[in-house]
Amino acid sequence: MRSAPCDDSFVVAEAEWTRIRRGLRFGQVFEGTVVRVPRPGAIGIFVDIGLSVGGFVDVALLPERSDDWPVEGTVTAFEIWWADSRRQIRLKPSDPRYLCDDFTGFVDRFRPQWPSQIGRPLP
């Protein structure tokens, strides 16, 4: 697995970002390694999924108690949740132990289109 830094200091060229995004789908699963948990309970976790761009899980998708978050070095499955102009792949944990307590309610409130997006290319 590639050890690409997963923070704002890692910048991938626009052409490379476009090429990578073309091959990604919502819900696509990657095995990833948690590489940084900068402020537990505050922003989220950075994940290496073996691509030249970093992965990130937002605090809103993680358990409320940061003690229940995966720690640095944890290897587990993550799904592509979103990607935007930040040149970073937004992920959600596949393992329910690391997912927010009421994921179904979260989806209903903030991403009701999620089930129909699974398998579709990223915008």
# chains A, B, ... in the order shown; residues from 1 in each chain; ligands from 1
>>> select_by_dssp(residues="region 12-111 of chain A", states="alpha helix (DSSP H)", output="list of chain:residue names")
A:Glu14, A:Ala15, A:Glu16, A:Trp17, A:Thr18, A:Arg19, A:Ile20, A:Arg21, A:Arg22, A:Phe103, A:Thr104, A:Gly105, A:Phe106, A:Val107, A:Asp108, A:Arg109, A:Phe110
>>> write_last_selection(atoms="N, CA and C atoms", output="tab-separated table (two decimals), in the first residue's frame")
chain	number	residue	atom	x	y	z
A	14	GLU	N	-4.07	18.59	-11.06
A	14	GLU	CA	-5.47	18.54	-11.52
A	14	GLU	C	-5.70	17.38	-12.49
A	15	ALA	N	-4.78	17.18	-13.42
A	15	ALA	CA	-4.95	16.09	-14.40
A	15	ALA	C	-4.97	14.73	-13.71
A	16	GLU	N	-4.11	14.54	-12.71
A	16	GLU	CA	-4.08	13.28	-11.97
A	16	GLU	C	-5.36	13.09	-11.17
A	17	TRP	N	-5.85	14.16	-10.56
A	17	TRP	CA	-7.10	14.11	-9.79
A	17	TRP	C	-8.26	13.73	-10.70
A	18	THR	N	-8.31	14.32	-11.88
A	18	THR	CA	-9.37	14.01	-12.85
A	18	THR	C	-9.29	12.54	-13.26
A	19	ARG	N	-8.08	12.05	-13.53
A	19	ARG	CA	-7.90	10.66	-13.94
A	19	ARG	C	-8.35	9.71	-12.83
A	20	ILE	N	-7.96	9.99	-11.62
A	20	ILE	CA	-8.33	9.13	-10.49
A	20	ILE	C	-9.84	9.12	-10.31
A	21	ARG	N	-10.46	10.29	-10.32
A	21	ARG	CA	-11.91	10.38	-10.10
A	21	ARG	C	-12.71	9.60	-11.13
A	22	ARG	N	-12.24	9.59	-12.37
A	22	ARG	CA	-12.96	8.87	-13.43
A	22	ARG	C	-13.15	7.40	-13.10
A	103	PHE	N	-26.48	6.12	11.58
A	103	PHE	CA	-26.14	6.39	10.18
A	103	PHE	C	-27.41	6.51	9.32
A	104	THR	N	-28.38	5.66	9.56
A	104	THR	CA	-29.62	5.73	8.78
A	104	THR	C	-30.29	7.09	8.94
A	105	GLY	N	-30.38	7.58	10.16
A	105	GLY	CA	-30.95	8.90	10.40
A	105	GLY	C	-30.11	10.01	9.77
A	106	PHE	N	-28.79	9.86	9.82
A	106	PHE	CA	-27.88	10.83	9.20
A	106	PHE	C	-28.15	10.90	7.70
A	107	VAL	N	-28.25	9.74	7.06
A	107	VAL	CA	-28.52	9.70	5.62
A	107	VAL	C	-29.88	10.32	5.31
A	108	ASP	N	-30.88	9.98	6.10
A	108	ASP	CA	-32.22	10.54	5.87
A	108	ASP	C	-32.21	12.07	5.94
A	109	ARG	N	-31.43	12.63	6.86
A	109	ARG	CA	-31.40	14.08	7.04
A	109	ARG	C	-30.50	14.79	6.03
A	110	PHE	N	-29.33	14.21	5.73
A	110	PHE	CA	-28.33	14.96	4.97
A	110	PHE	C	-28.02	14.42	3.58
>>> residues_around(residues="Ser116 (chain A)", least_positions_apart="5", cutoff="12 Å", atoms="only C-alpha atoms", output="list in words")
Arg25, Phe26, Gly27, Val107, Arg111 and Pro121 of chain A
>>> closest_residue(among="A:Ala13, A:Val29, A:Leu61, A:Val53", to="Pro96 (chain A)", atoms="only C-alpha atoms")
A:Leu61
>>> atom_distance(atom1="CA of Asp68 (chain A)", atom2="CA of Tyr98 (chain A)")
6.7 Å
>>> select_by_dssp(residues="region 3-77 of chain A", states="strand (DSSP E)", output="ChimeraX atom specification")
/A:29-36,44-48,55-58,75-77
>>> atom_distance(atom1="CA of Arg39 (chain A)", atom2="CA of Ala77 (chain A)")
21.5 Å
>>> residues_around(residues="Trp81 (chain A)", least_positions_apart="4", cutoff="10 Å", atoms="only C-alpha atoms", output="MDAnalysis selection string")
chainID A and resid 25:29 56:57 61 89:93 114 117:118 122
>>> write_last_selection(atoms="N, CA, C and O atoms", output="CSV table (one decimal), in the first residue's frame")
chain,number,residue,atom,x,y,z
A,25,ARG,N,-16.3,5.2,-7.9
A,25,ARG,CA,-17.7,5.1,-7.8
A,25,ARG,C,-18.2,5.3,-6.3
A,25,ARG,O,-17.5,4.8,-5.4
A,26,PHE,N,-19.3,5.9,-6.2
A,26,PHE,CA,-19.9,6.0,-4.8
A,26,PHE,C,-20.1,4.6,-4.2
A,26,PHE,O,-20.5,3.7,-5.0
A,27,GLY,N,-19.7,4.4,-3.0
A,27,GLY,CA,-19.8,3.1,-2.3
A,27,GLY,C,-18.7,2.1,-2.6
A,27,GLY,O,-18.7,1.0,-2.0
A,28,GLN,N,-17.8,2.5,-3.5
A,28,GLN,CA,-16.7,1.6,-3.8
A,28,GLN,C,-15.9,1.4,-2.5
A,28,GLN,O,-15.6,2.3,-1.8
A,29,VAL,N,-15.5,0.2,-2.3
A,29,VAL,CA,-14.8,-0.2,-1.0
A,29,VAL,C,-13.3,-0.3,-1.2
A,29,VAL,O,-12.9,-1.0,-2.2
A,56,PHE,N,-10.3,10.8,3.6
A,56,PHE,CA,-10.7,11.5,4.9
A,56,PHE,C,-12.1,11.0,5.3
A,56,PHE,O,-13.0,10.9,4.5
A,57,VAL,N,-12.3,10.7,6.6
A,57,VAL,CA,-13.6,10.4,7.2
A,57,VAL,C,-13.9,11.6,8.1
A,57,VAL,O,-13.2,11.9,9.0
A,61,LEU,N,-19.4,11.3,10.4
A,61,LEU,CA,-19.6,9.9,10.0
A,61,LEU,C,-19.0,8.9,11.0
A,61,LEU,O,-19.2,7.7,10.9
A,89,ILE,N,-10.5,12.2,-1.2
A,89,ILE,CA,-11.6,11.3,-1.3
A,89,ILE,C,-12.2,11.2,0.1
A,89,ILE,O,-11.6,10.9,1.1
A,90,ARG,N,-13.5,11.6,0.1
A,90,ARG,CA,-14.3,11.5,1.4
A,90,ARG,C,-14.8,10.1,1.5
A,90,ARG,O,-15.4,9.5,0.6
A,91,LEU,N,-14.5,9.5,2.7
A,91,LEU,CA,-14.9,8.1,3.0
A,91,LEU,C,-15.9,8.0,4.1
A,91,LEU,O,-16.1,8.9,4.9
A,92,LYS,N,-16.5,6.8,4.2
A,92,LYS,CA,-17.3,6.4,5.3
A,92,LYS,C,-16.8,5.0,5.7
A,92,LYS,O,-16.4,4.2,4.9
A,93,PRO,N,-16.7,4.7,7.0
A,93,PRO,CA,-16.3,3.4,7.5
A,93,PRO,C,-17.4,2.4,7.0
A,93,PRO,O,-18.6,2.6,7.1
A,114,TRP,N,-28.3,9.0,-1.1
A,114,TRP,CA,-27.2,8.1,-1.0
A,114,TRP,C,-27.5,6.7,-1.6
A,114,TRP,O,-26.7,6.2,-2.4
A,117,GLN,N,-27.2,6.5,-5.2
A,117,GLN,CA,-25.9,6.9,-5.8
A,117,GLN,C,-24.9,5.8,-5.8
A,117,GLN,O,-23.9,5.8,-6.6
A,118,ILE,N,-25.1,4.8,-5.0
A,118,ILE,CA,-24.1,3.7,-4.8
A,118,ILE,C,-23.9,3.1,-6.2
A,118,ILE,O,-24.8,2.7,-6.9
A,122,LEU,N,-18.4,9.3,-9.6
A,122,LEU,CA,-18.3,10.6,-8.9
A,122,LEU,C,-18.6,11.7,-9.8
A,122,LEU,O,-18.2,11.6,-11.0
>>> residues_around(residues="Glu72 (chain A)", least_positions_apart="4", cutoff="7 Å", atoms="only C-alpha atoms", output="ChimeraX atom specification")
/A:34-37
>>> write_last_selection(atoms="N, CA and C atoms", output="PDB file, in the first residue's frame")
ATOM      1  N   VAL A  34      -5.670   3.809   8.783  1.00  0.00           N
ATOM      2  CA  VAL A  34      -5.783   5.111   9.438  1.00  0.00           C
ATOM      3  C   VAL A  34      -4.361   5.613   9.681  1.00  0.00           C
ATOM      4  N   VAL A  35      -4.051   6.783   9.098  1.00  0.00           N
ATOM      5  CA  VAL A  35      -2.690   7.314   9.214  1.00  0.00           C
ATOM      6  C   VAL A  35      -2.591   8.508  10.145  1.00  0.00           C
ATOM      7  N   ARG A  36      -3.727   9.179  10.411  1.00  0.00           N
ATOM      8  CA  ARG A  36      -3.691  10.319  11.319  1.00  0.00           C
ATOM      9  C   ARG A  36      -5.050  10.549  11.935  1.00  0.00           C
ATOM     10  N   VAL A  37      -5.039  10.824  13.224  1.00  0.00           N
ATOM     11  CA  VAL A  37      -6.232  11.232  13.956  1.00  0.00           C
ATOM     12  C   VAL A  37      -5.814  12.515  14.667  1.00  0.00           C
TER      13      VAL A  37
END
>>> closest_residue(among="A:Val75, A:Leu99, A:Leu62, A:Ala83", to="Gly50 (chain A)", atoms="only C-alpha atoms")
A:Val75
>>> atom_distance(atom1="CA of Gly41 (chain A)", atom2="CA of Pro63 (chain A)")
8.8 Å
>>> closest_residue(among="A:Thr76, A:Thr33, A:Ser66, A:Gln88", to="Ser52 (chain A)", atoms="only C-alpha atoms")
A:Gln88
>>> closest_residue(among="A:Leu51, A:Val12, A:Ile43, A:Leu24", to="Arg120 (chain A)", atoms="only C-alpha atoms")
A:Leu24
>>> closest_residue(among="A:Val71, A:Gly119, A:Gly32, A:Gly23", to="Ser94 (chain A)", atoms="only C-alpha atoms")
A:Gly32
>>> closest_residue(among="A:Asp67, A:Gln113, A:Phe78, A:Ala60", to="Asp48 (chain A)", atoms="only C-alpha atoms")
A:Phe78
